[in-house]
file protein_22.cif (mmCIF, C-alpha atoms and all ligand atoms)
data_coords
#
loop_
_atom_site.group_PDB
_atom_site.id
_atom_site.type_symbol
_atom_site.label_atom_id
_atom_site.label_comp_id
_atom_site.auth_asym_id
_atom_site.auth_seq_id
_atom_site.Cartn_x
_atom_site.Cartn_y
_atom_site.Cartn_z
ATOM 1 C CA MET A 101 39.905 0.085 -1.454
ATOM 2 C CA PHE A 102 40.523 -1.002 2.129
ATOM 3 C CA ASP A 103 43.302 0.280 4.313
ATOM 4 C CA PRO A 104 45.406 -2.738 5.365
ATOM 5 C CA ALA A 105 45.995 -0.960 8.711
ATOM 6 C CA ALA A 106 42.300 -1.548 9.411
ATOM 7 C CA PHE A 107 43.032 -5.260 9.397
ATOM 8 C CA GLY A 108 43.060 -5.327 13.172
ATOM 9 C CA PRO A 109 44.392 -7.725 15.777
ATOM 10 C CA ALA A 110 40.819 -8.916 16.443
ATOM 11 C CA ILE A 111 40.613 -10.299 12.920
ATOM 12 C CA GLN A 112 44.054 -11.928 13.187
ATOM 13 C CA GLN A 113 43.018 -13.510 16.484
ATOM 14 C CA ARG A 114 39.779 -14.656 14.846
ATOM 15 C CA ARG A 115 41.653 -16.461 12.085
ATOM 16 C CA ARG A 116 43.642 -18.421 14.670
ATOM 17 C CA SER A 117 40.441 -19.654 16.334
ATOM 18 C CA LEU A 118 38.651 -20.717 13.139
ATOM 19 C CA PRO A 119 39.065 -23.773 10.892
ATOM 20 C CA ALA A 120 42.468 -23.751 9.234
ATOM 21 C CA ILE A 121 43.981 -25.525 6.258
ATOM 22 C CA ARG A 122 44.316 -28.988 7.712
ATOM 23 C CA ASP A 123 48.072 -29.450 7.455
ATOM 24 C CA GLN A 124 49.363 -27.226 10.259
ATOM 25 C CA ARG A 125 52.879 -27.290 8.737
ATOM 26 C CA HIS A 126 51.420 -25.369 5.806
ATOM 27 C CA PRO A 127 52.784 -21.794 5.821
ATOM 28 C CA ALA A 128 49.299 -20.338 5.250
ATOM 29 C CA SER A 129 47.379 -22.680 7.535
ATOM 30 C CA HIS A 130 45.666 -19.805 9.392
ATOM 31 C CA GLY A 131 45.061 -17.666 6.330
ATOM 32 C CA PRO A 132 41.744 -17.281 4.540
ATOM 33 C CA ARG A 133 40.834 -20.226 2.325
ATOM 34 C CA LEU A 134 39.898 -20.098 -1.345
ATOM 35 C CA PHE A 135 37.010 -22.210 -2.627
ATOM 36 C CA ALA A 136 35.879 -22.853 -6.201
ATOM 37 C CA ASP A 137 32.383 -21.521 -6.903
ATOM 38 C CA SER A 138 31.475 -24.234 -9.382
ATOM 39 C CA ALA A 139 29.663 -27.534 -9.836
ATOM 40 C CA ASP A 140 31.814 -28.578 -12.799
ATOM 41 C CA ILE A 141 34.338 -31.170 -11.681
ATOM 42 C CA HIS A 142 36.452 -30.439 -14.765
ATOM 43 C CA ASP A 143 36.953 -26.897 -13.446
ATOM 44 C CA ILE A 144 37.369 -27.999 -9.855
ATOM 45 C CA GLU A 145 39.855 -30.852 -10.159
ATOM 46 C CA PRO A 146 42.865 -28.925 -11.581
ATOM 47 C CA LEU A 147 42.392 -26.144 -9.008
ATOM 48 C CA TYR A 148 42.276 -28.689 -6.209
ATOM 49 C CA ARG A 149 45.299 -30.644 -7.458
ATOM 50 C CA ALA A 150 47.266 -27.381 -7.705
ATOM 51 C CA GLY A 151 46.580 -26.600 -4.038
ATOM 52 C CA ILE A 152 44.696 -23.413 -4.920
ATOM 53 C CA ILE A 153 41.355 -24.359 -3.388
ATOM 54 C CA ASN A 154 40.367 -25.996 -0.105
ATOM 55 C CA GLY A 155 36.659 -26.321 -0.715
ATOM 56 C CA VAL A 156 33.793 -25.874 -3.177
ATOM 57 C CA THR A 157 30.471 -24.046 -3.202
ATOM 58 C CA THR A 158 27.608 -25.059 -5.484
ATOM 59 C CA ASN A 159 24.066 -23.832 -6.051
ATOM 60 C CA PRO A 160 21.145 -24.851 -8.303
ATOM 61 C CA THR A 161 22.237 -22.451 -11.049
ATOM 62 C CA LEU A 162 25.782 -23.850 -11.088
ATOM 63 C CA MET A 163 24.419 -27.425 -11.077
ATOM 64 C CA LYS A 164 22.218 -26.689 -14.078
ATOM 65 C CA ARG A 165 25.116 -24.973 -15.864
ATOM 66 C CA ALA A 166 27.288 -28.037 -15.233
ATOM 67 C CA GLY A 167 24.701 -30.230 -17.013
ATOM 68 C CA ALA A 168 22.458 -31.655 -14.259
ATOM 69 C CA ASN A 169 18.922 -32.100 -15.575
ATOM 70 C CA SER A 170 17.422 -34.160 -12.765
ATOM 71 C CA TRP A 171 17.792 -34.583 -9.024
ATOM 72 C CA ALA A 172 19.464 -37.967 -9.598
ATOM 73 C CA GLN A 173 22.053 -36.368 -11.901
ATOM 74 C CA ALA A 174 22.571 -33.538 -9.438
ATOM 75 C CA LYS A 175 23.215 -35.972 -6.594
ATOM 76 C CA ALA A 176 25.670 -38.000 -8.705
ATOM 77 C CA MET A 177 27.519 -34.803 -9.643
ATOM 78 C CA LEU A 178 27.679 -33.657 -6.023
ATOM 79 C CA THR A 179 28.857 -37.067 -4.834
ATOM 80 C CA ASP A 180 31.800 -36.942 -7.279
ATOM 81 C CA ILE A 181 32.783 -33.493 -6.007
ATOM 82 C CA LEU A 182 32.471 -34.556 -2.350
ATOM 83 C CA THR A 183 34.657 -37.600 -2.995
ATOM 84 C CA LEU A 184 37.329 -35.576 -4.794
ATOM 85 C CA LEU A 185 37.452 -32.851 -2.142
ATOM 86 C CA ALA A 186 37.186 -35.005 1.021
ATOM 87 C CA PRO A 187 37.777 -34.048 3.781
ATOM 88 C CA ASN A 188 37.483 -30.436 2.577
ATOM 89 C CA PRO A 189 33.994 -28.871 2.667
ATOM 90 C CA VAL A 190 31.566 -28.788 -0.249
ATOM 91 C CA SER A 191 28.405 -26.665 0.057
ATOM 92 C CA LEU A 192 25.250 -28.309 -1.333
ATOM 93 C CA GLU A 193 22.181 -26.117 -1.614
ATOM 94 C CA LEU A 194 18.660 -27.154 -0.661
ATOM 95 C CA THR A 195 16.131 -26.986 -3.487
ATOM 96 C CA GLU A 196 13.067 -27.873 -1.441
ATOM 97 C CA LEU A 197 10.838 -25.229 0.161
ATOM 98 C CA GLY A 198 9.079 -25.704 3.464
ATOM 99 C CA TYR A 199 10.562 -26.748 6.784
ATOM 100 C CA ASP A 200 9.871 -30.501 6.712
ATOM 101 C CA ALA A 201 10.868 -31.012 3.080
ATOM 102 C CA MET A 202 14.042 -28.972 3.580
ATOM 103 C CA LEU A 203 15.059 -30.940 6.654
ATOM 104 C CA ALA A 204 14.494 -34.244 4.843
ATOM 105 C CA GLN A 205 16.542 -33.052 1.854
ATOM 106 C CA ALA A 206 19.299 -31.764 4.139
ATOM 107 C CA ARG A 207 19.616 -35.217 5.705
ATOM 108 C CA GLU A 208 19.715 -36.796 2.238
ATOM 109 C CA LEU A 209 22.493 -34.429 1.108
ATOM 110 C CA ALA A 210 24.445 -34.749 4.345
ATOM 111 C CA ALA A 211 24.480 -38.525 3.842
ATOM 112 C CA LEU A 212 26.343 -38.089 0.529
ATOM 113 C CA GLY A 213 29.604 -37.319 2.343
ATOM 114 C CA SER A 214 30.936 -36.301 5.751
ATOM 115 C CA ASN A 215 32.358 -33.133 4.147
ATOM 116 C CA ALA A 216 28.914 -31.967 2.961
ATOM 117 C CA VAL A 217 27.828 -28.525 4.179
ATOM 118 C CA ILE A 218 24.136 -27.778 3.685
ATOM 119 C CA LYS A 219 23.485 -24.444 2.018
ATOM 120 C CA VAL A 220 20.278 -22.835 3.247
ATOM 121 C CA PRO A 221 18.809 -19.576 1.878
ATOM 122 C CA VAL A 222 18.603 -17.170 4.817
ATOM 123 C CA GLY A 223 15.320 -15.653 3.620
ATOM 124 C CA GLY A 224 13.300 -14.806 0.523
ATOM 125 C CA TYR A 225 10.711 -17.505 1.211
ATOM 126 C CA ARG A 226 7.785 -15.100 0.860
ATOM 127 C CA ALA A 227 9.128 -14.017 -2.537
ATOM 128 C CA VAL A 228 8.296 -17.479 -3.907
ATOM 129 C CA ASP A 229 5.248 -18.190 -1.719
ATOM 130 C CA ALA A 230 3.453 -15.241 -0.163
ATOM 131 C CA LYS A 231 2.124 -17.453 2.640
ATOM 132 C CA ALA A 232 5.501 -18.923 3.568
ATOM 133 C CA ASP A 233 7.127 -18.432 6.960
ATOM 134 C CA PRO A 234 9.855 -15.772 6.429
ATOM 135 C CA PHE A 235 12.043 -17.500 9.028
ATOM 136 C CA THR A 236 11.946 -20.962 7.422
ATOM 137 C CA GLY A 237 15.650 -20.915 6.561
ATOM 138 C CA LEU A 238 16.702 -19.828 10.035
ATOM 139 C CA LYS A 239 14.569 -22.560 11.591
ATOM 140 C CA VAL A 240 16.160 -25.160 9.294
ATOM 141 C CA ILE A 241 19.642 -23.891 10.199
ATOM 142 C CA ARG A 242 18.768 -24.172 13.899
ATOM 143 C CA ALA A 243 17.434 -27.732 13.480
ATOM 144 C CA LEU A 244 20.530 -28.796 11.517
ATOM 145 C CA TRP A 245 22.781 -27.252 14.156
ATOM 146 C CA GLU A 246 21.034 -29.361 16.763
ATOM 147 C CA LEU A 247 21.667 -32.432 14.591
ATOM 148 C CA GLY A 248 25.365 -31.534 14.240
ATOM 149 C CA ILE A 249 25.073 -30.889 10.476
ATOM 150 C CA HIS A 250 27.151 -27.994 9.149
ATOM 151 C CA THR A 251 25.321 -25.235 7.277
ATOM 152 C CA ASN A 252 26.140 -22.352 4.952
ATOM 153 C CA ALA A 253 23.543 -19.548 5.159
ATOM 154 C CA THR A 254 23.296 -18.196 1.639
ATOM 155 C CA LEU A 255 21.802 -15.146 -0.117
ATOM 156 C CA VAL A 256 23.037 -12.851 2.669
ATOM 157 C CA PHE A 257 22.752 -9.169 1.765
ATOM 158 C CA ASN A 258 22.988 -7.360 5.077
ATOM 159 C CA THR A 259 24.788 -7.731 8.372
ATOM 160 C CA THR A 260 21.623 -8.466 10.341
ATOM 161 C CA GLN A 261 20.844 -11.469 8.137
ATOM 162 C CA ALA A 262 24.391 -12.695 8.762
ATOM 163 C CA PHE A 263 24.028 -12.186 12.515
ATOM 164 C CA TRP A 264 20.672 -13.990 12.612
ATOM 165 C CA ALA A 265 22.146 -16.949 10.741
ATOM 166 C CA ALA A 266 25.097 -17.086 13.123
ATOM 167 C CA ASN A 267 22.725 -17.018 16.084
ATOM 168 C CA ALA A 268 20.719 -19.849 14.557
ATOM 169 C CA GLY A 269 23.913 -21.904 14.400
ATOM 170 C CA ALA A 270 25.200 -21.511 10.830
ATOM 171 C CA SER A 271 28.769 -22.736 10.298
ATOM 172 C CA CYS A 272 29.281 -20.011 7.712
ATOM 173 C CA VAL A 273 27.428 -17.153 6.036
ATOM 174 C CA SER A 274 27.653 -16.189 2.373
ATOM 175 C CA PRO A 275 27.340 -12.467 1.583
ATOM 176 C CA PHE A 276 26.968 -11.967 -2.192
ATOM 177 C CA LEU A 277 29.134 -8.924 -2.770
ATOM 178 C CA GLY A 278 29.046 -9.008 -6.578
ATOM 179 C CA ARG A 279 25.270 -8.987 -6.714
ATOM 180 C CA VAL A 280 25.127 -5.982 -4.374
ATOM 181 C CA ALA A 281 27.531 -4.075 -6.613
ATOM 182 C CA ASP A 282 25.654 -5.140 -9.772
ATOM 183 C CA TYR A 283 22.291 -4.115 -8.327
ATOM 184 C CA LEU A 284 23.396 -0.704 -7.114
ATOM 185 C CA ALA A 285 25.205 0.033 -10.374
ATOM 186 C CA LYS A 286 22.018 -0.745 -12.292
ATOM 187 C CA HIS A 287 19.300 0.694 -10.042
ATOM 188 C CA ASP A 288 20.734 3.421 -7.811
ATOM 189 C CA ASP A 289 19.928 7.041 -8.484
ATOM 190 C CA ALA A 290 23.482 8.305 -8.998
ATOM 191 C CA GLY A 291 22.577 11.620 -7.367
ATOM 192 C CA GLY A 292 21.449 9.949 -4.128
ATOM 193 C CA PRO A 293 23.284 8.120 -1.370
ATOM 194 C CA PRO A 294 24.772 4.698 -2.180
ATOM 195 C CA GLY A 295 22.170 1.973 -1.799
ATOM 196 C CA ASN A 296 19.195 4.270 -2.413
ATOM 197 C CA SER A 297 17.646 1.693 -4.767
ATOM 198 C CA LEU A 298 17.499 -0.827 -1.893
ATOM 199 C CA TYR A 299 16.705 1.494 1.017
ATOM 200 C CA GLN A 300 14.295 4.253 0.093
ATOM 201 C CA ALA A 301 12.418 6.871 2.067
ATOM 202 C CA THR A 302 9.411 6.109 -0.159
ATOM 203 C CA GLU A 303 9.013 2.686 1.467
ATOM 204 C CA PRO A 304 8.731 3.608 5.163
ATOM 205 C CA GLN A 305 6.819 0.489 6.190
ATOM 206 C CA ARG A 306 9.399 -1.752 4.696
ATOM 207 C CA TYR A 307 12.567 0.112 5.647
ATOM 208 C CA HIS A 308 11.914 1.942 8.901
ATOM 209 C CA ASN A 309 15.290 3.560 9.259
ATOM 210 C CA THR A 310 15.397 5.590 6.095
ATOM 211 C CA GLU A 311 18.659 7.295 7.020
ATOM 212 C CA TYR A 312 20.552 4.043 7.171
ATOM 213 C CA VAL A 313 21.992 2.934 3.879
ATOM 214 C CA ALA A 314 23.519 -0.514 4.009
ATOM 215 C CA CYS A 315 27.177 -0.407 3.063
ATOM 216 C CA GLY A 316 27.080 3.397 2.851
ATOM 217 C CA GLY A 317 30.027 5.108 1.244
ATOM 218 C CA PRO A 318 31.264 4.935 -2.312
ATOM 219 C CA ARG A 319 28.806 2.961 -4.426
ATOM 220 C CA HIS A 320 31.465 1.026 -6.318
ATOM 221 C CA ASP A 321 32.734 -0.926 -3.297
ATOM 222 C CA ALA A 322 29.437 -1.310 -1.407
ATOM 223 C CA GLY A 323 29.524 -5.099 -1.828
ATOM 224 C CA SER A 324 33.043 -5.347 -0.474
ATOM 225 C CA ARG A 325 32.154 -3.245 2.531
ATOM 226 C CA LEU A 326 29.205 -5.516 3.284
ATOM 227 C CA VAL A 327 31.738 -8.279 3.890
ATOM 228 C CA GLN A 328 33.996 -5.980 5.912
ATOM 229 C CA GLU A 329 30.998 -5.007 8.085
ATOM 230 C CA ILE A 330 30.057 -8.633 8.810
ATOM 231 C CA VAL A 331 33.674 -9.601 9.569
ATOM 232 C CA THR A 332 34.044 -6.636 11.927
ATOM 233 C CA VAL A 333 30.886 -7.540 13.877
ATOM 234 C CA PHE A 334 31.815 -11.227 14.070
ATOM 235 C CA ALA A 335 35.390 -10.450 15.147
ATOM 236 C CA HIS A 336 34.222 -7.927 17.730
ATOM 237 C CA TYR A 337 31.810 -10.362 19.379
ATOM 238 C CA ASP A 338 33.923 -13.496 18.873
ATOM 239 C CA ILE A 339 31.255 -15.092 16.670
ATOM 240 C CA ARG A 340 32.849 -18.256 15.295
ATOM 241 C CA THR A 341 30.637 -18.494 12.199
ATOM 242 C CA GLU A 342 32.877 -18.136 9.134
ATOM 243 C CA VAL A 343 32.349 -15.349 6.611
ATOM 244 C CA LEU A 344 32.380 -16.794 3.095
ATOM 245 C CA ALA A 345 32.601 -14.018 0.493
ATOM 246 C CA ALA A 346 30.592 -15.082 -2.568
ATOM 247 C CA SER A 347 29.521 -13.712 -5.937
ATOM 248 C CA ILE A 348 32.991 -12.564 -6.969
ATOM 249 C CA ARG A 349 33.160 -10.731 -10.282
ATOM 250 C CA ASN A 350 36.857 -9.990 -10.857
ATOM 251 C CA PRO A 351 40.383 -10.681 -9.496
ATOM 252 C CA ALA A 352 40.501 -7.311 -7.691
ATOM 253 C CA GLN A 353 37.558 -8.362 -5.506
ATOM 254 C CA VAL A 354 39.495 -11.442 -4.384
ATOM 255 C CA SER A 355 42.251 -9.141 -3.058
ATOM 256 C CA GLU A 356 39.662 -6.869 -1.463
ATOM 257 C CA MET A 357 38.135 -9.824 0.369
ATOM 258 C CA LEU A 358 41.529 -10.906 1.711
ATOM 259 C CA LEU A 359 42.027 -7.369 3.038
ATOM 260 C CA ALA A 360 38.480 -7.260 4.427
ATOM 261 C CA GLY A 361 39.168 -10.282 6.627
ATOM 262 C CA ALA A 362 36.911 -12.793 4.869
ATOM 263 C CA ASP A 363 37.517 -16.299 6.223
ATOM 264 C CA ILE A 364 36.762 -17.909 2.860
ATOM 265 C CA VAL A 365 36.505 -16.478 -0.650
ATOM 266 C CA THR A 366 34.663 -18.582 -3.209
ATOM 267 C CA VAL A 367 35.683 -17.774 -6.756
ATOM 268 C CA PRO A 368 34.587 -18.950 -10.235
ATOM 269 C CA ALA A 369 37.310 -20.937 -12.011
ATOM 270 C CA ALA A 370 37.588 -18.434 -14.864
ATOM 271 C CA ILE A 371 38.375 -15.618 -12.431
ATOM 272 C CA LEU A 372 41.042 -17.699 -10.692
ATOM 273 C CA ALA A 373 42.640 -18.231 -14.121
ATOM 274 C CA GLY A 374 42.529 -14.468 -14.568
ATOM 275 C CA VAL A 375 44.456 -14.036 -11.312
ATOM 276 C CA ALA A 376 47.214 -16.310 -12.657
ATOM 277 C CA ASP A 377 47.486 -14.355 -15.909
ATOM 278 C CA HIS A 378 48.236 -10.846 -14.630
ATOM 279 C CA PRO A 379 49.384 -8.641 -17.576
ATOM 280 C CA LEU A 380 52.723 -7.847 -15.908
ATOM 281 C CA THR A 381 53.278 -11.510 -15.002
ATOM 282 C CA ASP A 382 52.687 -12.301 -18.683
ATOM 283 C CA LEU A 383 55.178 -9.631 -19.845
ATOM 284 C CA GLY A 384 57.725 -10.792 -17.269
ATOM 285 C CA MET A 385 57.404 -14.404 -18.400
ATOM 286 C CA GLN A 386 57.832 -13.446 -22.039
ATOM 287 C CA ALA A 387 61.000 -11.458 -21.225
ATOM 288 C CA PHE A 388 62.469 -14.221 -19.012
ATOM 289 C CA CYS A 389 61.726 -16.897 -21.599
ATOM 290 C CA ALA A 390 63.263 -14.812 -24.401
ATOM 291 C CA ASP A 391 66.459 -14.311 -22.364
ATOM 292 C CA ALA A 392 66.511 -17.924 -21.160
ATOM 293 C CA ALA A 393 66.633 -19.086 -24.790
ATOM 294 C CA VAL A 394 70.387 -18.371 -24.633
ATOM 295 C CA PHE A 395 70.784 -21.137 -22.015
ATOM 296 C CA THR A 396 68.405 -23.719 -23.379
ATOM 297 C CA GLY A 397 69.913 -23.922 -26.870
HETATM 298 O O1 LIG B 1 27.874 -19.460 -4.550
HETATM 299 C C1 LIG B 1 27.043 -18.672 -5.329
HETATM 300 C C2 LIG B 1 27.386 -17.220 -5.394
HETATM 301 O O2 LIG B 1 28.751 -17.047 -5.469
HETATM 302 C C3 LIG B 1 26.601 -16.530 -6.478
HETATM 303 O O3 LIG B 1 27.368 -15.925 -7.442
HETATM 304 O O4 LIG B 1 27.810 -14.989 -9.660
HETATM 305 O O5 LIG B 1 25.582 -15.996 -9.207
HETATM 306 O O6 LIG B 1 26.219 -13.820 -8.169
HETATM 307 P P1 LIG B 1 26.695 -15.139 -8.679
#

call {"tool": "encode", "arguments": {"input": "protein_22.cif", "output": "structure tokens"}}
result
Amino acid sequence: MFDPAAFGPAIQQRRRSLPAIRDQRHPASHGPRLFADSADIHDIEPLYRAGIINGVTTNPTLMKRAGANSWAQAKAMLTDILTLLAPNPVSLELTELGYDAMLAQARELAALGSNAVIKVPVGGYRAVDAKADPFTGLKVIRALWELGIHTNATLVFNTTQAFWAANAGASCVSPFLGRVADYLAKHDDAGGPPGNSLYQATEPQRYHNTEYVACGGPRHDAGSRLVQEIVTVFAHYDIRTEVLAASIRNPAQVSEMLLAGADIVTVPAAILAGVADHPLTDLGMQAFCADAAVFTG
């Protein structure tokens, strides 16, 4: 767990210089913002109406889960979300591969609403096409920055990827803390240093610095410390790209991200409901309601 004392003045200063909740009279206007990580408008609408969320993130998996079976359906679904949330940001992920096709699709998605943010995978292109340019995503981010289109660099798993995306011009970066934690829990050799399943001395060509273990320290909070590391670098160098903590698995990680200095935390609707229903809040409500029965006849 993070030490709140580590939440330094640089991070507080950073929050004042970054996009705020639009109504400046709002008491939390410079605080981190919560987004819904969902493409289901039935999940999103009550959270938005309650003032809990100030944005939405989607991806192809969430679109499919919400019932989209074609590109036309996906676009209709995204348009409804953009309209509901306007002027708050909604991240729409590219599904095309290849620079030209991605740029064309980004323009198509950006035209759906002025609050559209184009989500671009930061890398992984050679994992789906061995001949692909590994820097395709960064080049697309750079081109969109030149066009004035906001981007969200997604699938970020180390601080260098985040820094590259910021340099390319990304409006925000999305480290997936839950997937880091899941992966290490499943694959790490428990006797070795945290992260040994991702960074191994047996793969010297791939990972030159075999002593460096990303997010080193206790294995259980490696994902959370990835976000803390990115925030610290961005705050230190006054990098105005926002850090959007994604892939949240439980309510405790939401608190950890607020302490880590994340600018945005995107959370599945079911986990936000879990935050509302804390066991002690539930017990307190039951006791208050039982005692209040005296007054309500
Ligand atoms: O926005 C997508 C990101 O949050 C992914 O989450 O649960 O698929 O790891 P998950």

call {"tool": "resolve_selection", "arguments": {"input": "protein_22.cif", "expression": "the PyMOL selection byres (((chain A and resi 114-117) around 9) and not hetatm)", "output": "PyMOL selection string"}}
result
chain A and resi 109-113+118-120+130-132+334-335+338-340+361+363

call {"tool": "write_last_selection", "arguments": {"input": "protein_22.cif", "atoms": "C-alpha atoms", "output": "PDB file, in the coordinates of the input"}}
result
ATOM      1  CA  PRO A 109      44.392  -7.725  15.777  1.00  0.00           C
ATOM      2  CA  ALA A 110      40.819  -8.916  16.443  1.00  0.00           C
ATOM      3  CA  ILE A 111      40.613 -10.299  12.920  1.00  0.00           C
ATOM      4  CA  GLN A 112      44.054 -11.928  13.187  1.00  0.00           C
ATOM      5  CA  GLN A 113      43.018 -13.510  16.484  1.00  0.00           C
ATOM      6  CA  LEU A 118      38.651 -20.717  13.139  1.00  0.00           C
ATOM      7  CA  PRO A 119      39.065 -23.773  10.892  1.00  0.00           C
ATOM      8  CA  ALA A 120      42.468 -23.751   9.234  1.00  0.00           C
ATOM      9  CA  HIS A 130      45.666 -19.805   9.392  1.00  0.00           C
ATOM     10  CA  GLY A 131      45.061 -17.666   6.330  1.00  0.00           C
ATOM     11  CA  PRO A 132      41.744 -17.281   4.540  1.00  0.00           C
ATOM     12  CA  PHE A 334      31.815 -11.227  14.070  1.00  0.00           C
ATOM     13  CA  ALA A 335      35.390 -10.450  15.147  1.00  0.00           C
ATOM     14  CA  ASP A 338      33.923 -13.496  18.873  1.00  0.00           C
ATOM     15  CA  ILE A 339      31.255 -15.092  16.670  1.00  0.00           C
ATOM     16  CA  ARG A 340      32.849 -18.256  15.295  1.00  0.00           C
ATOM     17  CA  GLY A 361      39.168 -10.282   6.627  1.00  0.00           C
ATOM     18  CA  ASP A 363      37.517 -16.299   6.223  1.00  0.00           C
TER      19      ASP A 363
END

call {"tool": "closest_atom_pairs", "arguments": {"input": "protein_22.cif", "of": "chain A", "to": "ligand LIG 1 (chain B)", "cutoff": "12 Å", "atoms": "only C-alpha atoms and all ligand atoms", "output": "CSV"}}
result
residue,atom,partner,partner_atom,distance
A:Phe135,CA,B:LIG1,O1,9.7
A:Ala136,CA,B:LIG1,O1,8.8
A:Asp137,CA,B:LIG1,O1,5.5
A:Ser138,CA,B:LIG1,O1,7.7
A:Ala139,CA,B:LIG1,O1,9.8
A:Gly155,CA,B:LIG1,O1,11.8
A:Val156,CA,B:LIG1,O1,8.8
A:Thr157,CA,B:LIG1,O1,5.4
A:Thr158,CA,B:LIG1,O1,5.7
A:Asn159,CA,B:LIG1,O1,6.0
A:Pro160,CA,B:LIG1,C1,9.0
A:Thr161,CA,B:LIG1,O5,7.5
A:Leu162,CA,B:LIG1,C1,7.8
A:Met163,CA,B:LIG1,C1,10.8
A:Arg165,CA,B:LIG1,O5,11.2
A:Val190,CA,B:LIG1,O1,10.9
A:Ser191,CA,B:LIG1,O1,8.6
A:Leu192,CA,B:LIG1,O1,9.8
A:Glu193,CA,B:LIG1,O1,9.2
A:Lys219,CA,B:LIG1,O1,9.3
A:Val220,CA,B:LIG1,O1,11.4
A:Pro221,CA,B:LIG1,C1,11.0
A:Asn252,CA,B:LIG1,O1,10.1
A:Ala253,CA,B:LIG1,O1,10.6
A:Thr254,CA,B:LIG1,O1,7.8
A:Leu255,CA,B:LIG1,C2,8.0
A:Val256,CA,B:LIG1,C2,10.1
A:Phe257,CA,B:LIG1,O6,11.5
A:Val273,CA,B:LIG1,O1,10.8
A:Ser274,CA,B:LIG1,O1,7.7
A:Pro275,CA,B:LIG1,C2,8.4
A:Phe276,CA,B:LIG1,C2,6.2
A:Leu277,CA,B:LIG1,O6,7.8
A:Gly278,CA,B:LIG1,O6,5.8
A:Arg279,CA,B:LIG1,O6,5.1
A:Val280,CA,B:LIG1,O6,8.8
A:Ala281,CA,B:LIG1,O6,10.0
A:Asp282,CA,B:LIG1,O6,8.8
A:Tyr283,CA,B:LIG1,O6,10.5
A:Gly323,CA,B:LIG1,O6,11.3
A:Leu344,CA,B:LIG1,O1,9.3
A:Ala345,CA,B:LIG1,O2,7.7
A:Ala346,CA,B:LIG1,O2,4.0
A:Ser347,CA,B:LIG1,O3,3.4
A:Ile348,CA,B:LIG1,O4,6.3
A:Arg349,CA,B:LIG1,O4,6.9
A:Asn350,CA,B:LIG1,O4,10.4
A:Ile364,CA,B:LIG1,O2,11.6
A:Val365,CA,B:LIG1,O2,9.1
A:Thr366,CA,B:LIG1,O2,6.5
A:Val367,CA,B:LIG1,O2,7.1
A:Pro368,CA,B:LIG1,O2,7.8
A:Ala369,CA,B:LIG1,O4,11.5
A:Ala370,CA,B:LIG1,O4,11.6
A:Ile371,CA,B:LIG1,O4,10.9

call {"tool": "closest_residue", "arguments": {"input": "protein_22.cif", "among": "A:Asp288, A:Pro351, A:Val222, A:Leu203", "to": "Pro234 of chain A", "atoms": "only C-alpha atoms"}}
result
A:Val222

call {"tool": "resolve_selection", "arguments": {"input": "protein_22.cif", "expression": "the PyMOL selection byres (((chain A and resi 202) around 12) and not hetatm)", "output": "number ranges by chain"}}
result
A: 193-201, 203-210, 218-221, 236-241, 243-244

call {"tool": "residues_around", "arguments": {"input": "protein_22.cif", "residues": "His287 of chain A", "least_positions_apart": "6", "cutoff": "10 Å", "atoms": "all atoms listed in the file", "output": "list in words"}}
result
Gly295, Asn296, Ser297 and Leu298 of chain A
